[in-house]
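Asks: My questions all concern the structure below.
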Amino acid sequence: MDFSFTDEQHQLRDSLRRYLANEYSFDARKKIIHGAGSSEAAWAGFAELGLLGVPLPEEYGGFGGGGVDLLVVMEELGRGLVVEPYFATAVLGAALLRFGGGGAQAQALLPGVADGSLKLAAALTEAQSRHELFNVTTSAKAGANGHVLNGAKTVVLHGAQAHKLIVSARSGGGPRDTAGLTLFVIEAKAPGVSVTDYRTIDGMRAADVTLINVAVGHDAVLGRPGQGWDVIERAAEVGMAALVAEAVGAMDALHEATLEYLKTRQQFGVPIGRFQVLQHRAVEMFMEIEQARSLAYLAAVKLDGEDATERACAVHAAKARAGRALKFVGQSAIQMHGGMGMTDELPASHYFKRLSMIELTLGDTDHHLAAFAALQVPGQATVSEPGEPGRKAA
Amino acid sequence: MDLNYSAAERAFGAEVRAWLEAHLPGDLQSKVLNHGRLAREDYVRWHKMMAAQGWSAPNWPVEWGGTGWTPTQKHIFDEECAQAGTPPILPFGVNMVAPVIMKFGSEAQKRHFLPRIYDCTDWWCQGYSEPGAGSDLASLKTRAERKGDKYIVNGQKTWTTLGQHADMIFCLVRTDPEVKKQEGISFLLIDMHSAGITVRPILTMDEDCEVNEVFFDNVEVPVENLVGEENKGWTYAKYLLGHERTGIAAVGRSKRELEFLKRIAGEEQVNGASLLQEPRYAAKVAELEIELMALEMTVLRVVSAQAQGKGPGPEASLLKVKGTEVQQRLTELMVEAIGPRALPFRLEHFENPAPGEEIEPLAAYYFNYRKTSIYGGSNEIQKNIMSQMILGL
């Protein structure tokens, strides 16, 4: 039993925090958001720091980092309010490639992710999907030379910044079946693909992607045809654990900012932190963060484990717990900053917005509570059932 | 980061488990698992068995009978005891007064009291709270005046847990009323069989007698029962409070109670299905289970820091608050689970619940457990501590 980080993990954290403090200030970030939406300079910096290779296996040019290494990176990106496509590319995109059999695509593409030359986006969600990643109507029709894709993907994180999209499409089964899903790696600029870029409320970028008669070869299939769900589910676990870690980093920074405000803002002739009603709320924020942090650690460690039920339990628990914590911490921080909390000027509101959107990404709190509850029922089928993703024998 | 126990630690857990399986008397186990009411002799019998096994005071230094276990081993031991359903070793002697005697007491006090605490020859209770001194403990008024080689004690203590069974009480008493309130307090060890002591039980809302008022009317206490120096009692009291352990979160017991909750809720039917599959109730149980998972990890983080020689500091307050919230929520969901069958109040059914009567004590258990966020420094006081010590507000 050991909760400490290795020297390498400490170094990674320190160097990333230093880099972001110097090169990715709150003002610099604001310019990026209102300009190009992401920063090529920052991306090159991340590549140089080795950040992009952290979650990638060594055979593909990565550092072979585990869940805890990813946690360290994501905590710092959360603390730094980074709006770059790290999650889309190095976390979710790379995980899909990695779990999709680790074949030719991983061989061809992951080294590019590691060196910063290739950006990916995961086009999984559709307008009707809500939190069900198996809820897919985009169709994949098999032909002699490959498949033809038709459909529309919505809120594809950093879709317009990506060179390649990893698209889930239905090659068989009904609209909410987990069976019959196939993943495709396609060029973002392929004929028939249109990508509409927009800002998200938390300062990131996302896109709607329309696919009209997009013809792709056999080599575009990621993993086995019709078996995409296993890959999506596994990659989503990595994504959830990463988002939880990002939330913990953001909550830490927001709590620190709130404490600073409580200690300096004067009313009635004293710092407002002297008032017990605010002290207790600040303590409750602290307790929420510590509980979320504990499960972020658990999820990070279990992420590398082979026991599917344990892994699923840990990530669902972590995402549900962090979802509750981030709402309380975010709302409390704004309240305790008073009018200043409402402004665009202070980082507080930006943390609040990012945290709130983390809750809605890859399943909200209720979704994960239900998934966790389902895992607790013994004697259930091991196959995921529609509406109950991840339901497995306990 | 490695969240697994080592092979040696797992073997240790197995050894404890095997011993408990072989030795924990069935009648005690049944009372504990089914929320029956433990009698004085139940506590004493178990304490003496643990003493004979050498396990009644794992936290003590080895020279006084401690086990020399690591913080992780102590945690595993607590977990195994909780899982098995052992009666508790009451904290007042072993974990509260003993560390104070060891740190500040005289050699004679150590030699006399520690062995008797170890094997429960003396049953100890705590004389801290008074009618006018709860959260503001330092405003206590019970007076001790020195007359020759005796203190004469007058006043009243209250909320004295299981004081009706006690042989000894450790008391905070006022020895100097003229100075700042924290500076005139002393720490006295008083024989509960002394002339002038009256114990009056307080009936709590579950009609149990766990707590008492203790009255002192010209009680004579030999001066050699003063711990440390006169008027330094507040320092010793704070040391005692700081000596709280990670066990305060009671994660092991809560894990056992969660299984109990799932069992009884699983047997309840709603619309022809188990209550555990009713989405609203299932979500509440899931939320509680997740909170408990998080708490267990938080406790292990503290244990692991202790193993590296750090703490436990003010984070014990976090464990107390979250631990008691979980404990209370468990009892709340138990009562929700059994619905109208929570109403019958038949003491004869739950002094020692028979098979089939396991749900009978649950409503009383719920009402009783409101105490947890009040005792041991109310949860509001814990938040004051965290605000000051951790957040610097």
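Every chain in the structure tokens takes a letter, A first, then B, and so on in the order presented; its residues are numbered from 1, and the ligands are numbered from 1 following the presented order.
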Can you tell me which residues surround Met102 (chain B) at a distance of at most 9 Å, considering only C-alpha atoms, apart from same-chain residues fewer than 6 positions away, and format the answer as a count of residues only?

Replies: 3

Asks: As a PyMOL selection string, please: the residues near region 187-200 of chain A (cut-off 12 Å, only C-alpha atoms, same-chain neighbours under 5 positions excluded).

Replies: chain A and resi 32-38+83+109+118-123+148-167+205-217+220+350+353-354+356-358

Asks: Can you write out as a Markdown table which residues of chain B fall within 7 Å of chain A, alongside each residue's closest atom pair and its distance in Å to one decimal, counting only C-alpha atoms and ordering rows by chain and ascending residue number?

Replies:
```
| residue | atom | partner | partner_atom | distance |
| --- | --- | --- | --- | --- |
| B:Met1 | CA | A:Phe3 | CA | 4.7 |
| B:Asp2 | CA | A:Asp2 | CA | 5.0 |
| B:Leu3 | CA | A:Met1 | CA | 4.8 |
| B:Asn4 | CA | A:Met1 | CA | 5.2 |
| B:Tyr5 | CA | A:Met1 | CA | 5.3 |
| B:Ala282 | CA | A:Ala373 | CA | 6.2 |
| B:Ala283 | CA | A:Leu369 | CA | 6.0 |
| B:Ala286 | CA | A:Ala373 | CA | 5.3 |
| B:Glu287 | CA | A:Leu369 | CA | 6.6 |
| B:Ile290 | CA | A:Ala317 | CA | 5.6 |
| B:Ala294 | CA | A:Gln291 | CA | 5.3 |
| B:Leu295 | CA | A:Gln291 | CA | 6.5 |
| B:Met297 | CA | A:Ser294 | CA | 5.3 |
| B:Thr298 | CA | A:Ser294 | CA | 5.5 |
| B:Arg301 | CA | A:Phe3 | CA | 6.3 |
| B:Ser304 | CA | A:Asp2 | CA | 6.1 |
| B:Leu318 | CA | A:Met287 | CA | 6.6 |
| B:Lys383 | CA | A:His280 | CA | 5.8 |
| B:Met386 | CA | A:Val283 | CA | 6.5 |
| B:Ser387 | CA | A:Gln279 | CA | 5.8 |
| B:Leu393 | CA | A:Gly273 | CA | 5.7 |
```

Asks: Please identify all polymer residues within 12 Å of Leu261 (chain B), counting only C-alpha atoms, omitting same-chain residues fewer than 4 positions from it, and present them as a PyMOL selection string.

Replies: chain B and resi 33-34+254-257+265-268+275-276+281-282+284-286+288-289+327+329-338+358-359+362
